[in-house]
Amino acid sequence: MNPDNQNTEAEKTRLSMAARIARLDEKPQENPATEASTSTADPIDAIGADDRFASIVPDEFSTPPAEDGPLQDAPVPAEGAYEAKGRPKRRYRKLWLIPVVLVALLAAAYGGGVYYFNEHCLPNTMVDGADVSGMTKSEVAASIESQVADYVISVTGDGVDLNLTASDLSLGYDGEAYAANVMSRTSAWQWPLEISGSRSYTLQKTIKYDSDKVVSALAPFVEQSRATAEKTAKEATVTYDSASKAFVLQIDGDTSSLDGDAAAAKVCSALDALQTTVELGDDCMNTGYDFSSFVVKANSCLSAAPTLTLAGTTVAEIGADQIASWLKVGNDLGIEIDSAAVTAWCKGDLSKACDTVGTSRTYTRADGQTFTVAGGEYGWNIDGASTADKIISALEGGQKTIIEIPTLSKGETWVLGGQDWGKRYIDIDLSEQHARMYDDSGSLIWESDVVTGDTTEDHATPTGVYTMNSNRASDNVELRGEIDASTGEPEYISYVDYWMPFIGNSYALHDASWRSSFGGTIYCGNGSHGCVNLPVDKAAELWNLCRVGDTVVVHN
């Protein structure tokens, strides 16, 4: 570079710096001591000390190059001029403090907002339709709790008529939980972003109350309902309705009672929803006493009415009225069959309807003549006690059955009032003083005149239907009369060869060798002691024809 040009550039720089210093000297000076205490380095000195500026800023007033010498026309400051006047104050040295302060202020404002909105709701905050802007947690809690202070619920139905207030139940919102939920909807740390906006929330409100107090409030109604139900149940009874032929329940009222647990649960459910009314219904009632099983049991006995038969012939259909008379209803409505009553009926009415032993029976003999005979030991005689047992079992089983009536004795066929013996029998006609025997086909196989009991001596042969019994005997059978009180000896002693008894061992058909004639009216004045006397040969014939079990009919 041309030395002249280089000197010119250095001179320009020096003059520029001198002008800058001059301008600084024109500004008010501060206390040098103060400035010295607070200032650490002069910017100009710093520039001069920096090697990077060595080529353009010469040492202040360092010695210029020897070859050039001092520049002309440039005033040279006197030695110590700067020190005498002091360093000029730099007005803009602390501008960096401004953003620091601004940041600090902003941080303080932000922190204060965080602190404030951690305990207060943000502006323009609506919760469940209520403005909670700026409210504290406790204020929000108090606000929600006050909403149910005047709450009243009316409980009706099932015999209950009750009004319950909030204070009765210690009822109220869980204010703390509600307020905490409200505050959790926003973040205090984000308040600068949310403060200018608006927000609206619908929250789940948690209601609190003492459920034990609900139970206690309902308890009197539960007890009253239970007492009424028990009284009604005790007065209930099962009776027979003859018109409908069925047992029916007679009860004055309802035996269902208020279920305390179910009622309390329904009221609590209404409280949870803050309903002002709740009506208890069937879902809050116990089912009560069930009497249907007693009615069913009684009617099952009626439906099980058995059909009674003898020898396959229906002899009785037991009616509902009859069965109802045998059933006893206990205090607990249990159904019991009166076995004594059933037995009495079987031995009484049923026996009269079925038994033929000793009854009047009308029949037609093979020769066409009709007779009526009564008395005797042959025929149907039912076993009343055993029949009663079968009937009771059938009723208890509840299933309709057919019962063949057990018997103590039976005939050939069951015919009430008619011939219940078979075609094989021995017929003794007292009026004719004649006896006949018919075989299984009804054909006459034997007959003979006879002498029967002396009617003038009160020894008449008993009439009736009998059976030849096992006392049958032959060959020198001794017959003894009654003991004569005056002599102590039998009235008579006789011997026969063919003894065919039909009433015990006292009345029989037998040979009478001491008689020479039979038939006619001999029996009137010269008759037997009650037996049927036969000629010896006819007695022998009959002995060979008859057998134990043959029917003997004695009639007039």
# chains A, B, ... in the order shown; residues from 1 in each chain; ligands from 1
$ residues_around --residues "Lys400 (chain A)" --least-positions-apart "3" --cutoff "12 Å" --atoms "only C-alpha atoms" --output "list in words"
Ser300, Cys301, Leu302, Ser303, Ala304, Ala305, Pro306, Thr307, Leu308, Glu317, Ile318, Ile391, Ile392, Ser393, Ala394, Leu395, Glu396, Gly397 and Ile403 of chain A
$ write_last_selection --atoms "all heavy atoms" --output "short mmCIF file (atom, residue, chain, number, x, y, z; two decimals), in the first residue's frame"
data_model
loop_
_atom_site.label_atom_id
_atom_site.label_comp_id
_atom_site.auth_asym_id
_atom_site.auth_seq_id
_atom_site.Cartn_x
_atom_site.Cartn_y
_atom_site.Cartn_z
N SER A 300 -107.00 -82.46 46.48
CA SER A 300 -106.45 -83.68 45.90
C SER A 300 -107.12 -84.90 46.53
O SER A 300 -107.27 -85.94 45.88
CB SER A 300 -104.93 -83.74 46.11
OG SER A 300 -104.61 -83.95 47.48
N CYS A 301 -107.50 -84.76 47.79
CA CYS A 301 -108.22 -85.86 48.44
C CYS A 301 -109.58 -86.05 47.78
O CYS A 301 -110.04 -87.18 47.57
CB CYS A 301 -108.39 -85.57 49.93
SG CYS A 301 -106.86 -85.63 50.88
N LEU A 302 -110.22 -84.93 47.42
CA LEU A 302 -111.53 -85.02 46.77
C LEU A 302 -111.39 -85.66 45.40
O LEU A 302 -112.20 -86.50 45.01
CB LEU A 302 -112.15 -83.63 46.63
CG LEU A 302 -112.43 -82.85 47.92
CD1 LEU A 302 -113.10 -81.53 47.61
CD2 LEU A 302 -113.30 -83.68 48.87
N SER A 303 -110.36 -85.26 44.68
CA SER A 303 -110.19 -85.79 43.33
C SER A 303 -109.76 -87.25 43.34
O SER A 303 -109.88 -87.94 42.32
CB SER A 303 -109.15 -84.96 42.57
OG SER A 303 -107.88 -85.05 43.19
N ALA A 304 -109.28 -87.71 44.48
CA ALA A 304 -108.83 -89.10 44.58
C ALA A 304 -109.94 -90.04 45.05
O ALA A 304 -109.68 -91.18 45.40
CB ALA A 304 -107.64 -89.19 45.54
N ALA A 305 -111.17 -89.55 45.05
CA ALA A 305 -112.28 -90.37 45.53
C ALA A 305 -112.28 -91.72 44.81
O ALA A 305 -112.47 -91.79 43.59
CB ALA A 305 -113.60 -89.63 45.26
N PRO A 306 -112.07 -92.81 45.55
CA PRO A 306 -111.95 -94.12 44.90
C PRO A 306 -113.31 -94.73 44.55
O PRO A 306 -114.34 -94.38 45.13
CB PRO A 306 -111.24 -94.96 45.96
CG PRO A 306 -111.66 -94.35 47.26
CD PRO A 306 -111.81 -92.88 46.99
N THR A 307 -113.28 -95.61 43.60
CA THR A 307 -114.46 -96.40 43.24
C THR A 307 -114.34 -97.74 43.95
O THR A 307 -113.30 -98.39 43.89
CB THR A 307 -114.52 -96.62 41.72
OG1 THR A 307 -114.64 -95.36 41.06
CG2 THR A 307 -115.71 -97.50 41.35
N LEU A 308 -115.42 -98.16 44.62
CA LEU A 308 -115.40 -99.39 45.40
C LEU A 308 -116.17 -100.48 44.67
O LEU A 308 -117.28 -100.26 44.17
CB LEU A 308 -116.03 -99.15 46.78
CG LEU A 308 -115.43 -97.98 47.59
CD1 LEU A 308 -116.14 -97.86 48.93
CD2 LEU A 308 -113.94 -98.17 47.80
N GLU A 317 -119.55 -95.15 44.75
CA GLU A 317 -118.70 -94.06 44.28
C GLU A 317 -118.71 -93.03 45.41
O GLU A 317 -119.74 -92.43 45.71
CB GLU A 317 -119.27 -93.43 43.01
CG GLU A 317 -119.24 -94.32 41.79
CD GLU A 317 -117.87 -94.31 41.10
OE1 GLU A 317 -116.97 -93.60 41.60
OE2 GLU A 317 -117.72 -94.99 40.08
N ILE A 318 -117.55 -92.86 46.04
CA ILE A 318 -117.51 -91.95 47.20
C ILE A 318 -117.55 -90.51 46.70
O ILE A 318 -116.71 -90.09 45.91
CB ILE A 318 -116.24 -92.19 48.03
CG1 ILE A 318 -116.15 -93.65 48.45
CG2 ILE A 318 -116.24 -91.28 49.24
CD1 ILE A 318 -114.90 -93.99 49.21
N ILE A 391 -109.04 -96.92 51.67
CA ILE A 391 -109.58 -95.63 51.26
C ILE A 391 -108.67 -94.50 51.71
O ILE A 391 -108.37 -93.56 50.94
CB ILE A 391 -111.00 -95.44 51.84
CG1 ILE A 391 -111.97 -96.41 51.19
CG2 ILE A 391 -111.47 -93.99 51.65
CD1 ILE A 391 -113.36 -96.40 51.79
N ILE A 392 -108.18 -94.57 52.94
CA ILE A 392 -107.29 -93.52 53.46
C ILE A 392 -106.01 -93.45 52.63
O ILE A 392 -105.54 -92.36 52.29
CB ILE A 392 -106.97 -93.79 54.95
CG1 ILE A 392 -108.23 -93.59 55.80
CG2 ILE A 392 -105.85 -92.87 55.44
CD1 ILE A 392 -108.08 -94.02 57.24
N SER A 393 -105.46 -94.59 52.31
CA SER A 393 -104.24 -94.61 51.49
C SER A 393 -104.48 -93.98 50.12
O SER A 393 -103.64 -93.24 49.60
CB SER A 393 -103.75 -96.05 51.32
OG SER A 393 -103.35 -96.59 52.56
N ALA A 394 -105.63 -94.27 49.56
CA ALA A 394 -105.96 -93.70 48.25
C ALA A 394 -106.10 -92.19 48.33
O ALA A 394 -105.61 -91.46 47.45
CB ALA A 394 -107.25 -94.33 47.72
N LEU A 395 -106.75 -91.70 49.37
CA LEU A 395 -106.93 -90.26 49.52
C LEU A 395 -105.60 -89.56 49.74
O LEU A 395 -105.36 -88.47 49.19
CB LEU A 395 -107.88 -89.97 50.68
CG LEU A 395 -109.32 -90.49 50.54
CD1 LEU A 395 -110.13 -90.11 51.77
CD2 LEU A 395 -109.97 -89.97 49.27
N GLU A 396 -104.76 -90.16 50.55
CA GLU A 396 -103.45 -89.56 50.80
C GLU A 396 -102.59 -89.55 49.54
O GLU A 396 -101.78 -88.64 49.33
CB GLU A 396 -102.73 -90.33 51.91
CG GLU A 396 -103.35 -90.10 53.29
CD GLU A 396 -102.69 -90.93 54.37
OE1 GLU A 396 -102.02 -91.94 54.03
OE2 GLU A 396 -102.84 -90.57 55.56
N GLY A 397 -102.77 -90.55 48.70
CA GLY A 397 -101.99 -90.61 47.47
C GLY A 397 -102.43 -89.58 46.45
O GLY A 397 -101.66 -89.21 45.56
N ILE A 403 -110.93 -99.62 44.25
CA ILE A 403 -110.63 -100.47 45.40
C ILE A 403 -111.60 -101.65 45.43
O ILE A 403 -112.83 -101.46 45.46
CB ILE A 403 -110.74 -99.68 46.72
CG1 ILE A 403 -109.70 -98.57 46.76
CG2 ILE A 403 -110.58 -100.61 47.92
CD1 ILE A 403 -109.83 -97.67 47.98
#
$ residues_around --residues "region 337-346 of chain A" --least-positions-apart "3" --cutoff "9 Å" --atoms "only C-alpha atoms" --output "list of chain:residue names"
A:Ile323, A:Ser325, A:Trp326, A:Leu327, A:Lys328, A:Val329, A:Asp349, A:Leu350, A:Ser351, A:Lys352, A:Ile382, A:Asp383, A:Gly384, A:Ala385, A:Ser386, A:Thr387, A:Ala388, A:Asp389, A:Ile391, A:Ile392, A:Leu395, A:Glu396
$ write_last_selection --atoms "N, CA, C and O atoms" --output "JSON list (two decimals), in the first residue's frame"
[["chain", "number", "residue", "atom", "x", "y", "z"],
["A", 323, "ILE", "N", -116.21, -87.31, 51.40],
["A", 323, "ILE", "CA", -114.78, -87.19, 51.71],
["A", 323, "ILE", "C", -114.51, -85.94, 52.53],
["A", 323, "ILE", "O", -113.70, -85.96, 53.48],
["A", 325, "SER", "N", -116.28, -84.64, 54.68],
["A", 325, "SER", "CA", -116.65, -84.86, 56.09],
["A", 325, "SER", "C", -115.57, -85.61, 56.85],
["A", 325, "SER", "O", -115.56, -85.62, 58.08],
["A", 326, "TRP", "N", -114.65, -86.25, 56.11],
["A", 326, "TRP", "CA", -113.57, -87.00, 56.76],
["A", 326, "TRP", "C", -112.32, -86.16, 56.97],
["A", 326, "TRP", "O", -111.39, -86.59, 57.64],
["A", 327, "LEU", "N", -112.24, -85.01, 56.34],
["A", 327, "LEU", "CA", -111.03, -84.19, 56.39],
["A", 327, "LEU", "C", -111.12, -83.16, 57.51],
["A", 327, "LEU", "O", -112.12, -82.46, 57.64],
["A", 328, "LYS", "N", -110.08, -83.10, 58.28],
["A", 328, "LYS", "CA", -110.01, -82.13, 59.37],
["A", 328, "LYS", "C", -108.92, -81.12, 59.06],
["A", 328, "LYS", "O", -107.81, -81.49, 58.65],
["A", 329, "VAL", "N", -109.24, -79.85, 59.24],
["A", 329, "VAL", "CA", -108.27, -78.77, 59.00],
["A", 329, "VAL", "C", -107.71, -78.33, 60.34],
["A", 329, "VAL", "O", -108.45, -77.88, 61.22],
["A", 349, "ASP", "N", -122.47, -97.21, 56.93],
["A", 349, "ASP", "CA", -123.19, -97.01, 55.67],
["A", 349, "ASP", "C", -122.72, -97.94, 54.57],
["A", 349, "ASP", "O", -123.54, -98.49, 53.84],
["A", 350, "LEU", "N", -121.40, -98.10, 54.43],
["A", 350, "LEU", "CA", -120.91, -98.95, 53.34],
["A", 350, "LEU", "C", -121.29, -100.40, 53.60],
["A", 350, "LEU", "O", -121.67, -101.13, 52.66],
["A", 351, "SER", "N", -121.18, -100.82, 54.84],
["A", 351, "SER", "CA", -121.53, -102.21, 55.16],
["A", 351, "SER", "C", -123.01, -102.48, 54.86],
["A", 351, "SER", "O", -123.36, -103.53, 54.30],
["A", 352, "LYS", "N", -123.84, -101.52, 55.21],
["A", 352, "LYS", "CA", -125.28, -101.71, 54.94],
["A", 352, "LYS", "C", -125.54, -101.80, 53.44],
["A", 352, "LYS", "O", -126.46, -102.51, 53.01],
["A", 382, "ILE", "N", -118.40, -107.30, 54.34],
["A", 382, "ILE", "CA", -117.15, -106.60, 54.05],
["A", 382, "ILE", "C", -116.33, -106.39, 55.33],
["A", 382, "ILE", "O", -116.87, -106.35, 56.43],
["A", 383, "ASP", "N", -115.03, -106.25, 55.12],
["A", 383, "ASP", "CA", -114.10, -105.95, 56.22],
["A", 383, "ASP", "C", -113.97, -104.42, 56.30],
["A", 383, "ASP", "O", -113.19, -103.81, 55.56],
["A", 384, "GLY", "N", -114.76, -103.84, 57.18],
["A", 384, "GLY", "CA", -114.81, -102.38, 57.26],
["A", 384, "GLY", "C", -113.47, -101.74, 57.60],
["A", 384, "GLY", "O", -113.09, -100.72, 57.01],
["A", 385, "ALA", "N", -112.75, -102.32, 58.55],
["A", 385, "ALA", "CA", -111.48, -101.73, 58.99],
["A", 385, "ALA", "C", -110.46, -101.74, 57.85],
["A", 385, "ALA", "O", -109.77, -100.75, 57.59],
["A", 386, "SER", "N", -110.35, -102.87, 57.16],
["A", 386, "SER", "CA", -109.39, -102.96, 56.06],
["A", 386, "SER", "C", -109.79, -102.06, 54.89],
["A", 386, "SER", "O", -108.94, -101.47, 54.22],
["A", 387, "THR", "N", -111.08, -101.97, 54.65],
["A", 387, "THR", "CA", -111.56, -101.09, 53.59],
["A", 387, "THR", "C", -111.22, -99.64, 53.90],
["A", 387, "THR", "O", -110.79, -98.88, 53.01],
["A", 388, "ALA", "N", -111.38, -99.25, 55.16],
["A", 388, "ALA", "CA", -111.06, -97.87, 55.57],
["A", 388, "ALA", "C", -109.58, -97.58, 55.32],
["A", 388, "ALA", "O", -109.22, -96.49, 54.84],
["A", 389, "ASP", "N", -108.72, -98.53, 55.65],
["A", 389, "ASP", "CA", -107.28, -98.33, 55.43],
["A", 389, "ASP", "C", -106.98, -98.09, 53.96],
["A", 389, "ASP", "O", -106.15, -97.23, 53.60],
["A", 391, "ILE", "N", -109.04, -96.92, 51.67],
["A", 391, "ILE", "CA", -109.58, -95.63, 51.26],
["A", 391, "ILE", "C", -108.67, -94.50, 51.71],
["A", 391, "ILE", "O", -108.37, -93.56, 50.94],
["A", 392, "ILE", "N", -108.18, -94.57, 52.94],
["A", 392, "ILE", "CA", -107.29, -93.52, 53.46],
["A", 392, "ILE", "C", -106.01, -93.45, 52.63],
["A", 392, "ILE", "O", -105.54, -92.36, 52.29],
["A", 395, "LEU", "N", -106.75, -91.70, 49.37],
["A", 395, "LEU", "CA", -106.93, -90.26, 49.52],
["A", 395, "LEU", "C", -105.60, -89.56, 49.74],
["A", 395, "LEU", "O", -105.36, -88.47, 49.19],
["A", 396, "GLU", "N", -104.76, -90.16, 50.55],
["A", 396, "GLU", "CA", -103.45, -89.56, 50.80],
["A", 396, "GLU", "C", -102.59, -89.55, 49.54],
["A", 396, "GLU", "O", -101.78, -88.64, 49.33]]
$ closest_residue --among "A:Ser528, A:Ser360, A:Thr521, A:Ser256" --to "Tyr378 (chain A)" --atoms "only C-alpha atoms"
A:Ser360
$ select_by_dssp --residues "region 391-457 of chain A" --states "helix (DSSP H, G or I)" --output "PyMOL selection string"
chain A and resi 391-397+455-457
$ write_last_selection --atoms "C-alpha atoms" --output "PDB file, in the first residue's frame"
ATOM      1  CA  ILE A 391    -109.582 -95.625  51.260  1.00  0.00           C
ATOM      2  CA  ILE A 392    -107.286 -93.522  53.460  1.00  0.00           C
ATOM      3  CA  SER A 393    -104.245 -94.614  51.494  1.00  0.00           C
ATOM      4  CA  ALA A 394    -105.960 -93.705  48.251  1.00  0.00           C
ATOM      5  CA  LEU A 395    -106.929 -90.257  49.517  1.00  0.00           C
ATOM      6  CA  GLU A 396    -103.448 -89.564  50.801  1.00  0.00           C
ATOM      7  CA  GLY A 397    -101.993 -90.612  47.468  1.00  0.00           C
ATOM      8  CA  THR A 455    -142.844-124.931  66.213  1.00  0.00           C
ATOM      9  CA  THR A 456    -145.116-125.636  69.198  1.00  0.00           C
ATOM     10  CA  GLU A 457    -142.143-126.126  71.493  1.00  0.00           C
TER      11      GLU A 457
END
$ residues_around --residues "region 498-514 of chain A" --least-positions-apart "6" --cutoff "7 Å" --atoms "only C-alpha atoms" --output "PDB file with N, CA and C atoms, in the first residue's frame"
ATOM      1  N   TYR A 466    -127.316-120.469  54.815  1.00  0.00           N
ATOM      2  CA  TYR A 466    -126.184-120.983  55.583  1.00  0.00           C
ATOM      3  C   TYR A 466    -125.232-121.753  54.674  1.00  0.00           C
ATOM      4  N   THR A 467    -124.165-122.221  55.289  1.00  0.00           N
ATOM      5  CA  THR A 467    -123.179-123.029  54.574  1.00  0.00           C
ATOM      6  C   THR A 467    -122.917-124.295  55.371  1.00  0.00           C
ATOM      7  N   MET A 468    -122.923-125.411  54.696  1.00  0.00           N
ATOM      8  CA  MET A 468    -122.594-126.654  55.365  1.00  0.00           C
ATOM      9  C   MET A 468    -121.142-126.573  55.819  1.00  0.00           C
ATOM     10  N   ASN A 469    -120.938-126.845  57.115  1.00  0.00           N
ATOM     11  CA  ASN A 469    -119.609-126.611  57.670  1.00  0.00           C
ATOM     12  C   ASN A 469    -118.821-127.895  57.871  1.00  0.00           C
ATOM     13  N   ASN A 471    -118.045-129.552  60.396  1.00  0.00           N
ATOM     14  CA  ASN A 471    -118.383-130.471  61.479  1.00  0.00           C
ATOM     15  C   ASN A 471    -119.094-131.727  60.955  1.00  0.00           C
ATOM     16  N   ARG A 472    -119.177-131.806  59.696  1.00  0.00           N
ATOM     17  CA  ARG A 472    -119.818-132.964  59.066  1.00  0.00           C
ATOM     18  C   ARG A 472    -119.184-134.265  59.574  1.00  0.00           C
ATOM     19  N   ALA A 473    -120.031-135.199  59.877  1.00  0.00           N
ATOM     20  CA  ALA A 473    -119.526-136.475  60.412  1.00  0.00           C
ATOM     21  C   ALA A 473    -120.485-137.624  60.055  1.00  0.00           C
ATOM     22  N   SER A 474    -119.972-138.813  60.247  1.00  0.00           N
ATOM     23  CA  SER A 474    -120.798-140.000  59.947  1.00  0.00           C
ATOM     24  C   SER A 474    -120.451-141.117  60.933  1.00  0.00           C
ATOM     25  N   ASP A 475    -121.359-142.135  60.963  1.00  0.00           N
ATOM     26  CA  ASP A 475    -121.148-143.344  61.770  1.00  0.00           C
ATOM     27  C   ASP A 475    -121.269-143.077  63.268  1.00  0.00           C
ATOM     28  N   GLY A 530    -134.895-128.810  66.270  1.00  0.00           N
ATOM     29  CA  GLY A 530    -134.427-127.777  65.342  1.00  0.00           C
ATOM     30  C   GLY A 530    -133.733-128.325  64.134  1.00  0.00           C
ATOM     31  N   CYS A 531    -133.255-129.586  64.204  1.00  0.00           N
ATOM     32  CA  CYS A 531    -132.586-130.190  63.059  1.00  0.00           C
ATOM     33  C   CYS A 531    -133.603-130.601  61.999  1.00  0.00           C
ATOM     34  N   VAL A 532    -133.074-130.928  60.842  1.00  0.00           N
ATOM     35  CA  VAL A 532    -133.906-131.389  59.728  1.00  0.00           C
ATOM     36  C   VAL A 532    -133.754-132.919  59.654  1.00  0.00           C
ATOM     37  N   ASN A 533    -134.819-133.626  60.063  1.00  0.00           N
ATOM     38  CA  ASN A 533    -134.787-135.090  60.086  1.00  0.00           C
ATOM     39  C   ASN A 533    -135.070-135.644  58.697  1.00  0.00           C
ATOM     40  N   LEU A 534    -134.269-136.658  58.326  1.00  0.00           N
ATOM     41  CA  LEU A 534    -134.404-137.301  57.020  1.00  0.00           C
ATOM     42  C   LEU A 534    -134.565-138.814  57.191  1.00  0.00           C
ATOM     43  N   PRO A 535    -135.216-139.414  56.245  1.00  0.00           N
ATOM     44  CA  PRO A 535    -135.194-140.872  56.227  1.00  0.00           C
ATOM     45  C   PRO A 535    -133.746-141.339  56.080  1.00  0.00           C
ATOM     46  N   VAL A 536    -133.414-142.488  56.595  1.00  0.00           N
ATOM     47  CA  VAL A 536    -132.027-142.975  56.598  1.00  0.00           C
ATOM     48  C   VAL A 536    -131.485-143.074  55.185  1.00  0.00           C
ATOM     49  N   ALA A 539    -130.906-139.674  53.760  1.00  0.00           N
ATOM     50  CA  ALA A 539    -129.749-139.043  54.416  1.00  0.00           C
ATOM     51  C   ALA A 539    -128.456-139.584  53.830  1.00  0.00           C
ATOM     52  N   ALA A 540    -128.449-140.879  53.566  1.00  0.00           N
ATOM     53  CA  ALA A 540    -127.249-141.487  52.985  1.00  0.00           C
ATOM     54  C   ALA A 540    -126.985-140.928  51.594  1.00  0.00           C
ATOM     55  N   TRP A 543    -125.682-137.409  51.902  1.00  0.00           N
ATOM     56  CA  TRP A 543    -124.299-137.424  52.421  1.00  0.00           C
ATOM     57  C   TRP A 543    -123.299-137.587  51.282  1.00  0.00           C
ATOM     58  N   VAL A 552    -126.945-123.789  52.104  1.00  0.00           N
ATOM     59  CA  VAL A 552    -128.201-124.354  52.614  1.00  0.00           C
ATOM     60  C   VAL A 552    -129.163-123.198  52.836  1.00  0.00           C
TER      61      VAL A 552
END
$ closest_residue --among "A:Ala108, A:Val160, A:Met183, A:Leu171" --to "Thr136 (chain A)" --atoms "only C-alpha atoms"
A:Met183
$ decode --residues "region 513-540 of chain A" --atoms "C-alpha atoms" --output "CSV table (one decimal), in the first residue's frame"
chain,number,residue,atom,x,y,z
A,513,SER,CA,-134.1,-143.8,62.3
A,514,TRP,CA,-136.6,-143.4,65.1
A,515,ARG,CA,-139.2,-141.9,62.7
A,516,SER,CA,-141.4,-143.8,60.4
A,517,SER,CA,-143.0,-140.9,58.5
A,518,PHE,CA,-141.9,-137.5,57.3
A,519,GLY,CA,-143.5,-134.5,55.8
A,520,GLY,CA,-146.9,-133.0,56.3
A,521,THR,CA,-147.5,-131.3,59.6
A,522,ILE,CA,-145.6,-133.6,61.9
A,523,TYR,CA,-143.3,-130.7,62.8
A,524,CYS,CA,-146.2,-129.0,64.5
A,525,GLY,CA,-146.3,-130.9,67.8
A,526,ASN,CA,-143.9,-133.7,67.0
A,527,GLY,CA,-141.0,-131.9,65.3
A,528,SER,CA,-137.4,-132.0,66.1
A,529,HIS,CA,-135.3,-129.8,68.4
A,530,GLY,CA,-134.4,-127.8,65.3
A,531,CYS,CA,-132.6,-130.2,63.1
A,532,VAL,CA,-133.9,-131.4,59.7
A,533,ASN,CA,-134.8,-135.1,60.1
A,534,LEU,CA,-134.4,-137.3,57.0
A,535,PRO,CA,-135.2,-140.9,56.2
A,536,VAL,CA,-132.0,-143.0,56.6
A,537,ASP,CA,-131.8,-143.8,52.9
A,538,LYS,CA,-132.3,-140.2,51.9
A,539,ALA,CA,-129.7,-139.0,54.4
A,540,ALA,CA,-127.2,-141.5,53.0
